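Trainee: My file is structure_36.cif. It has mmCIF, C-alpha atoms:
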```cif
data_protein
loop_
_atom_site.label_atom_id
_atom_site.label_comp_id
_atom_site.auth_asym_id
_atom_site.auth_seq_id
_atom_site.Cartn_x
_atom_site.Cartn_y
_atom_site.Cartn_z
CA MET U 181 -49.02 43.88 160.84
CA SER U 182 -51.55 46.04 158.95
CA GLY U 183 -52.39 47.75 162.27
CA ARG U 184 -48.77 48.77 162.79
CA ILE U 185 -48.51 50.13 159.24
CA THR U 186 -51.68 52.17 159.70
CA GLU U 187 -50.42 53.43 163.06
CA SER U 188 -47.14 54.54 161.49
CA PHE U 189 -48.97 56.42 158.72
CA PHE U 190 -51.32 58.26 161.08
CA LYS U 191 -48.45 59.13 163.42
CA LYS U 192 -46.62 60.84 160.55
CA LEU U 193 -49.81 62.66 159.59
CA ASN U 194 -50.51 63.73 163.16
CA ASP U 195 -46.94 64.99 163.66
CA LEU U 196 -47.27 67.20 160.59
CA ILE U 197 -50.61 68.62 161.73
CA VAL U 198 -49.29 69.36 165.23
CA ALA U 199 -46.18 71.04 163.84
CA ASN U 200 -48.09 73.12 161.26
CA PRO U 201 -51.77 73.35 162.28
CA GLU U 202 -52.38 76.29 159.97
CA GLN U 203 -51.30 74.21 156.93
CA ALA U 204 -53.32 71.09 157.76
CA GLY U 205 -55.47 71.49 154.65
CA GLN U 206 -52.40 71.62 152.38
CA ILE U 207 -50.67 68.46 153.60
CA ASP U 208 -49.40 66.28 150.72
CA ILE U 209 -50.78 62.81 151.50
CA LYS U 210 -48.90 61.24 148.57
CA GLN U 211 -45.60 62.55 149.93
CA ILE U 212 -46.40 61.19 153.39
CA ILE U 213 -47.07 57.76 151.88
CA ALA U 214 -43.77 57.99 149.96
CA ASN U 215 -41.94 58.86 153.18
CA VAL U 216 -43.58 56.03 155.12
CA THR U 217 -42.99 53.40 152.41
CA PRO U 218 -39.31 52.54 153.26
CA GLU U 219 -40.25 52.12 156.92
CA THR U 220 -43.27 50.03 155.92
CA VAL U 221 -41.14 47.74 153.74
CA LYS U 222 -38.74 47.13 156.63
CA LEU U 223 -41.67 46.43 158.93
CA ILE U 224 -43.22 43.92 156.51
CA LYS U 225 -39.87 42.24 155.89
CA GLY U 226 -39.19 41.87 159.60
CA THR U 227 -42.67 40.52 160.31
CA LEU U 228 -42.47 38.01 157.45
CA LYS U 229 -39.07 36.79 158.60
CA LYS U 230 -40.49 36.04 162.03
CA SER U 231 -43.69 34.42 160.79
CA THR U 232 -42.51 32.63 157.62
CA LYS U 233 -42.05 29.19 159.19
CA LYS U 234 -45.45 29.21 160.88
CA MET U 235 -47.16 30.66 157.81
CA LEU U 236 -45.72 28.01 155.50
CA GLU U 237 -46.57 25.20 157.92
CA GLU U 238 -50.20 26.37 158.00
CA HIS U 239 -50.48 26.67 154.22
CA ARG U 240 -48.77 23.35 153.62
CA ALA U 241 -51.09 21.65 156.09
CA LEU U 242 -54.10 23.12 154.27
CA ALA U 243 -52.70 21.93 150.93
CA ARG U 244 -52.11 18.40 152.27
CA GLU U 245 -55.61 18.25 153.71
CA PHE U 246 -57.15 19.42 150.43
CA GLU U 247 -55.11 16.96 148.39
CA ALA U 248 -56.09 14.08 150.69
CA ARG U 249 -59.78 14.93 150.25
CA ASN U 250 -59.36 15.36 146.50
CA ILE U 251 -57.58 12.03 146.07
CA LYS U 252 -60.19 10.27 148.17
CA ARG U 253 -63.01 11.75 146.08
CA TRP U 254 -61.44 10.93 142.71
CA SER U 255 -59.40 7.88 143.74
CA LYS U 256 -60.84 5.59 141.06
CA ALA U 257 -59.99 8.00 138.25
CA PHE U 258 -56.55 8.80 139.65
CA ASP U 259 -55.71 5.12 140.09
CA LEU U 260 -56.74 4.34 136.52
CA LEU U 261 -54.67 7.21 135.14
CA GLU U 262 -51.62 6.31 137.22
CA THR U 263 -51.92 2.64 136.24
CA HIS U 264 -52.03 3.66 132.58
CA ILE U 265 -48.95 5.87 133.00
CA VAL U 266 -46.98 3.09 134.72
CA ILE U 267 -47.92 0.56 132.01
CA CYS U 268 -46.90 3.00 129.25
CA THR U 269 -43.62 3.87 131.00
CA GLU U 270 -42.63 0.24 131.56
CA ALA U 271 -43.62 -0.72 128.01
CA GLY U 272 -41.45 2.11 126.67
CA GLU U 273 -38.48 1.05 128.80
CA GLU U 274 -38.82 -2.55 127.62
CA PHE U 275 -39.14 -1.53 123.96
CA ASN U 276 -36.11 0.74 124.17
CA SER U 277 -33.88 -1.85 125.87
CA SER U 278 -34.96 -4.59 123.43
CA TYR U 279 -34.44 -2.71 120.16
CA ARG U 280 -31.97 0.12 120.89
CA ALA U 281 -28.89 -1.84 119.77
CA THR U 282 -30.49 -2.77 116.43
CA ALA U 283 -31.66 0.82 115.90
CA VAL U 284 -28.13 2.11 116.45
CA GLU U 285 -26.71 -0.39 113.94
CA ASP U 286 -29.30 0.63 111.35
CA ASN U 287 -28.95 4.34 112.13
CA ASP U 288 -32.71 4.32 112.73
CA LEU U 289 -33.46 7.93 113.61
CA VAL U 290 -37.21 7.26 113.63
CA PHE U 291 -36.73 4.83 116.50
CA ASP U 292 -34.66 7.30 118.51
CA ILE U 293 -37.07 10.21 118.09
CA ALA U 294 -40.15 8.06 118.75
CA VAL U 295 -38.63 6.66 121.97
CA ARG U 296 -37.62 10.13 123.15
CA HIS U 297 -41.11 11.45 122.47
CA HIS U 298 -42.64 8.51 124.29
CA ALA U 299 -40.46 9.20 127.34
CA ARG U 300 -41.41 12.88 127.19
CA ALA U 301 -45.10 11.96 126.95
CA CYS U 302 -44.84 9.76 130.05
CA HIS U 303 -43.15 12.60 131.92
CA ILE U 304 -45.88 15.07 130.96
CA ALA U 305 -48.55 12.54 131.94
CA GLN U 306 -46.98 12.38 135.42
CA GLU U 307 -47.15 16.19 135.62
CA ILE U 308 -50.84 16.06 134.69
CA LEU U 309 -51.53 13.45 137.37
CA HIS U 310 -49.86 15.49 140.09
CA LEU U 311 -51.57 18.71 139.00
CA LEU U 312 -54.96 16.99 139.11
CA LYS U 313 -54.29 15.54 142.56
CA SER U 314 -53.41 19.02 143.82
CA GLY U 315 -56.56 20.52 142.31
CA PHE U 316 -54.96 22.44 139.43
CA ALA U 317 -57.33 21.30 136.70
CA ASP U 318 -56.68 24.24 134.35
CA ALA U 319 -52.92 23.69 134.55
CA ALA U 320 -53.44 19.96 133.91
CA HIS U 321 -55.48 20.86 130.83
CA ALA U 322 -52.64 23.06 129.58
CA ARG U 323 -50.17 20.22 130.02
CA TRP U 324 -52.57 17.89 128.20
CA ARG U 325 -52.24 20.13 125.15
CA ALA U 326 -48.47 19.70 125.35
CA LEU U 327 -48.94 15.92 125.68
CA HIS U 328 -51.19 15.92 122.63
CA GLU U 329 -48.59 17.77 120.57
CA VAL U 330 -45.84 15.35 121.62
CA ASN U 331 -48.00 12.35 120.70
CA ALA U 332 -49.13 13.75 117.36
CA THR U 333 -45.58 14.74 116.42
CA ALA U 334 -44.24 11.26 117.23
CA MET U 335 -46.98 9.56 115.22
CA PHE U 336 -46.34 11.89 112.29
CA ILE U 337 -42.61 11.13 112.23
CA VAL U 338 -43.20 7.38 112.51
CA LYS U 339 -45.72 7.58 109.66
CA HIS U 340 -43.43 9.50 107.29
CA GLY U 341 -40.19 7.70 108.05
CA GLN U 342 -36.46 8.34 108.09
CA GLU U 343 -36.40 11.51 105.97
CA CYS U 344 -39.01 13.15 108.16
CA ALA U 345 -37.09 12.13 111.29
CA GLU U 346 -33.89 13.57 109.85
CA ARG U 347 -35.59 16.87 109.05
CA PHE U 348 -37.04 17.02 112.56
CA TYR U 349 -33.62 16.29 114.04
CA PHE U 350 -31.82 19.02 112.11
CA HIS U 351 -34.60 21.54 112.67
CA ASP U 352 -33.21 21.88 116.19
CA ILE U 353 -30.59 24.16 114.58
CA VAL U 354 -33.37 26.47 113.37
CA ASP U 355 -35.02 26.50 116.80
CA SER U 356 -31.69 27.22 118.50
CA TYR U 357 -30.85 30.10 116.16
CA ASP U 358 -34.30 31.66 116.48
CA GLY U 359 -34.11 31.29 120.26
CA MET U 360 -30.70 32.95 120.39
CA LEU U 361 -31.92 35.93 118.37
CA GLU U 362 -35.03 36.31 120.51
CA HIS U 363 -33.02 36.13 123.73
CA LYS U 364 -30.48 38.66 122.41
CA LYS U 365 -33.28 41.04 121.46
CA TYR U 366 -34.72 41.10 124.99
CA GLU U 367 -31.48 40.47 126.92
CA ASP U 368 -31.65 43.71 128.92
CA ARG U 369 -35.35 43.44 129.75
CA LEU U 370 -34.96 39.78 130.75
CA GLN U 371 -31.89 40.62 132.83
CA ALA U 372 -30.39 37.35 131.64
CA LYS U 373 -27.20 37.18 129.63
CA ALA U 374 -27.76 35.97 126.08
CA ALA U 375 -25.39 34.03 123.84
CA SER U 376 -22.35 35.95 122.64
CA GLN U 377 -22.27 37.33 119.11
CA GLU U 378 -19.58 34.77 118.31
CA GLU U 379 -21.90 31.95 119.40
CA ILE U 380 -24.80 33.42 117.41
CA ASP U 381 -22.61 33.76 114.30
CA SER U 382 -21.45 30.16 114.66
CA CYS U 383 -25.05 28.95 114.93
CA LYS U 384 -25.95 31.12 111.90
CA LEU U 385 -23.44 29.18 109.79
CA GLU U 386 -25.19 25.91 110.68
CA TYR U 387 -28.57 27.56 110.13
CA ASP U 388 -27.58 28.68 106.62
CA LYS U 389 -26.42 25.15 105.81
CA VAL U 390 -29.72 23.48 106.70
CA ILE U 391 -31.76 26.19 104.95
CA ALA U 392 -29.64 25.73 101.82
CA HIS U 393 -30.12 21.96 102.02
CA TYR U 394 -33.83 21.75 102.90
CA GLY U 395 -35.18 25.00 101.44
CA LYS U 396 -36.49 28.34 102.68
CA LYS U 397 -39.65 26.89 104.27
CA PHE U 398 -37.46 24.84 106.58
CA GLY U 399 -36.91 28.04 108.55
CA ASP U 400 -40.57 28.13 109.67
CA HIS U 401 -41.64 26.86 113.10
CA TYR U 402 -42.91 23.57 111.64
CA GLY U 403 -40.63 23.80 108.62
CA TRP U 404 -39.34 20.29 109.22
CA ALA U 405 -42.74 19.00 107.98
CA SER U 406 -43.06 21.40 105.01
CA ASN U 407 -42.07 18.76 102.41
CA ILE U 408 -45.14 16.70 103.37
CA PHE U 409 -47.41 19.68 102.67
CA PRO U 410 -46.01 21.31 99.52
CA ASN U 411 -49.21 23.30 98.91
CA HIS U 412 -49.20 24.92 102.35
CA ARG U 413 -47.73 28.40 102.50
CA ARG U 414 -46.82 27.81 106.15
CA VAL U 415 -47.27 24.50 107.96
CA GLY U 416 -48.87 24.56 111.40
CA PHE U 417 -49.59 21.94 114.04
CA THR U 418 -53.19 21.63 112.79
CA ALA U 419 -51.94 20.02 109.58
CA ILE U 420 -49.77 17.57 111.52
CA GLU U 421 -52.48 16.40 113.92
CA LYS U 422 -54.96 16.09 111.04
CA ASP U 423 -52.50 14.00 109.02
CA VAL U 424 -52.34 11.39 111.81
CA GLY U 425 -56.06 11.52 112.57
CA LEU U 426 -55.81 13.23 115.96
CA ASP U 427 -57.42 16.58 115.10
CA HIS U 428 -60.64 15.50 116.85
CA MET U 429 -58.81 15.05 120.17
CA ARG U 430 -57.87 18.69 120.72
CA ASN U 431 -61.18 20.08 119.49
CA GLY U 432 -63.20 17.56 121.53
CA LEU U 433 -61.34 18.31 124.73
CA VAL U 434 -61.65 22.06 124.22
CA ARG U 435 -65.43 21.73 123.97
CA THR U 436 -65.53 19.53 127.09
CA TYR U 437 -63.34 22.03 128.92
CA MET U 438 -65.55 24.97 127.93
CA ARG U 439 -68.66 23.14 129.16
CA ALA U 440 -66.95 22.41 132.46
CA GLN U 441 -66.00 26.09 132.81
CA ARG U 442 -69.62 27.17 132.28
CA GLU U 443 -70.88 24.68 134.84
#
```
As structure tokens, please, write out the structure in this file.
Mentor:
Amino acid sequence: MSGRITESFFKKLNDLIVANPEQAGQIDIKQIIANVTPETVKLIKGTLKKSTKKMLEEHRALAREFEARNIKRWSKAFDLLETHIVICTEAGEEFNSSYRATAVEDNDLVFDIAVRHHARACHIAQEILHLLKSGFADAAHARWRALHEVNATAMFIVKHGQECAERFYFHDIVDSYDGMLEHKKYEDRLQAKAASQEEIDSCKLEYDKVIAHYGKKFGDHYGWASNIFPNHRRVGFTAIEKDVGLDHMRNGLVRTYMRAQRE
């Protein structure tokens, strides 16, 4: 394909030189490239259409072969991780089915949020497993950070009880309103239609209600936890993970990751 593109370019150049030999030194190469570009795009598109199936088959075969070798090499670790994920998932399902009815009767919001976070954690763990099997270690590390945040948040809510769970639940209104405003701001650049002004105004009414009820700090990203840290100007995730004794996990893994990168 590259040969045909080069041939097309030099043909255009040669035609110009033949037609105007006395102006050969003044030929605008940039303009020639601009003229050739539409033809080049059509050529590439046509070639890709013809070769797409074969190209994808080759790349998918290479990916399968790599993954098979990777799984074979790290089979013990992968099996242990997958076993752990299955045990955690089944334990969560059993816990939810055994105590859900009682939690509903007692309006136990802590139970509901903890179970939802547990399910989310199991889902992320599956993502990590599949990324590792496919050789995407950096992406798996990024998802581990998300898993860590889900775990720490769940432990924090369980530790601080029903009021904390309620604040976390209603903070979704703050997140939704902030998200709507951000989307509206960049609607044109994103080329994705944002919420209507009527929808934003409706959400703003709910936003004002929860801010009036829980206080100005509730509007911050981790404002739902601000009552636990009254001396913090703005609560961050660091305070939450430290409160449940998991601050060493993120820092320890970062150091391990940096060592692996250097090696």
Trainee: Considering all atoms listed in the file, can you say which of U:Ala243, U:Ala419, U:Ile304, U:Met360 comes closest to Ser382 of chain U?
Mentor: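 Among U:Ala243, U:Ala419, U:Ile304, U:Met360, it is U:Met360 that comes nearest to Ser382 of chain U.
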Trainee: Leaving out segment 387-393 of chain U and any residue of its chain fewer than 6 positions from it, which residues lie within 7 Å of it when counting all atoms listed in the file, given as a PDB file with C-alpha atoms, keeping the file's coordinate frame?
Mentor:
```pdb
ATOM      1  CA  ILE U 353     -30.590  24.160 114.580  1.00  0.00           C
ATOM      2  CA  VAL U 354     -33.370  26.470 113.370  1.00  0.00           C
ATOM      3  CA  TYR U 357     -30.850  30.100 116.160  1.00  0.00           C
ATOM      4  CA  GLY U 399     -36.910  28.040 108.550  1.00  0.00           C
TER       5      GLY U 399
END
```
Trainee: For the structure shown, which residues end up in the PyMOL selection byres ((chain U and resi 270-283) around 10)? Put them as a PyMOL selection string, please?
Mentor: chain U and resi 265-269+284-292+294-296+298-299+302
Trainee: Go through the shown structure with the PyMOL selection byres ((chain U and resi 422-428) around 9) and write out the matching residues as an MDAnalysis selection string.
Mentor: chainID U and resid 328 332:333 335:336 339 417:421 429:433
Trainee: Taking every listed atom of segment 346-364 of chain U and adding 8 Å to each side, what centre and edge lengths in Å (one decimal) does the axis-aligned box have, as lines of an AutoDock Vina configuration file?
Mentor:
```
center_x = -33.8
center_y = 26.1
center_z = 116.4
size_x = 22.6
size_y = 41.1
size_z = 30.7
```
Trainee: Evaluate the PyMOL selection byres ((chain U and resi 309) around 8) here and jot the selected residues down as a short mmCIF file (atom, residue, chain, number, x, y, z; two decimals) with C-alpha atoms, keeping the file's coordinate frame.
Mentor:
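Final output, result-v8.cif:
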```cif
data_model
loop_
_atom_site.label_atom_id
_atom_site.label_comp_id
_atom_site.auth_asym_id
_atom_site.auth_seq_id
_atom_site.Cartn_x
_atom_site.Cartn_y
_atom_site.Cartn_z
CA PHE U 258 -56.55 8.80 139.65
CA LEU U 261 -54.67 7.21 135.14
CA GLU U 262 -51.62 6.31 137.22
CA ALA U 305 -48.55 12.54 131.94
CA GLN U 306 -46.98 12.38 135.42
CA GLU U 307 -47.15 16.19 135.62
CA ILE U 308 -50.84 16.06 134.69
CA HIS U 310 -49.86 15.49 140.09
CA LEU U 311 -51.57 18.71 139.00
CA LEU U 312 -54.96 16.99 139.11
CA LYS U 313 -54.29 15.54 142.56
CA ALA U 320 -53.44 19.96 133.91
#
```
Trainee: Have a look at atom CA of Glu367 of chain U and atom CA of Tyr402 of chain U and let me know their distance in Å, one decimal.
Mentor: 25.5 Å
Trainee: Got a sec: who's within 10 Å of His401 of chain U, counting all atoms listed in the file, leaving out chain neighbours fewer than 2 positions off, as an mmCIF file with C-alpha atoms, in the frame of the given file?
Mentor:
```
data_model
loop_
_atom_site.group_PDB
_atom_site.id
_atom_site.type_symbol
_atom_site.label_atom_id
_atom_site.label_comp_id
_atom_site.auth_asym_id
_atom_site.auth_seq_id
_atom_site.Cartn_x
_atom_site.Cartn_y
_atom_site.Cartn_z
ATOM 1 C CA HIS U 351 -34.600 21.540 112.670
ATOM 2 C CA VAL U 354 -33.370 26.470 113.370
ATOM 3 C CA ASP U 355 -35.020 26.500 116.800
ATOM 4 C CA ASP U 358 -34.300 31.660 116.480
ATOM 5 C CA LYS U 397 -39.650 26.890 104.270
ATOM 6 C CA PHE U 398 -37.460 24.840 106.580
ATOM 7 C CA GLY U 399 -36.910 28.040 108.550
ATOM 8 C CA GLY U 403 -40.630 23.800 108.620
ATOM 9 C CA TRP U 404 -39.340 20.290 109.220
ATOM 10 C CA ALA U 405 -42.740 19.000 107.980
ATOM 11 C CA SER U 406 -43.060 21.400 105.010
ATOM 12 C CA ARG U 414 -46.820 27.810 106.150
ATOM 13 C CA VAL U 415 -47.270 24.500 107.960
ATOM 14 C CA GLY U 416 -48.870 24.560 111.400
ATOM 15 C CA PHE U 417 -49.590 21.940 114.040
#
```
Trainee: Could you tell me how far atom CA of His264 of chain U sits from atom CA of Arg249 of chain U, in Å to one decimal place?
Mentor: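 Computing the Euclidean distance for atom CA of Arg249 of chain U and atom CA of His264 of chain U yields 22.3 Å.
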Trainee: Find the distance between atom CA of Ile337 of chain U and atom CA of Ala319 of chain U and write it in Å to one decimal.
Mentor: 27.6 Å
Trainee: Considering all atoms listed in the file, state which residue in the set U:Ile293, U:Arg323, U:His239, U:Ala301 is at the smallest distance from Gln342 of chain U.
Mentor: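 Going through U:Ile293, U:Arg323, U:His239, U:Ala301 one by one, the smallest distance to Gln342 of chain U is for U:Ile293.
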Trainee: Go through U:Asp400, U:Asp368, U:Asp352, U:Glu346 one by one, measure the shortest atom-to-atom distance of each to Arg413 of chain U using only C-alpha atoms, and give the residue with the smallest value.
Mentor: U:Asp400
Trainee: Given all atoms listed in the file as the basis, pick out the residue of U:Gly359, U:Pro218, U:Pro410, U:Gly226 nearest to Ile380 of chain U.
Mentor: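 Checking each of U:Gly359, U:Pro218, U:Pro410, U:Gly226 against Ile380 of chain U, counting all atoms listed in the file, the winner is U:Gly359.
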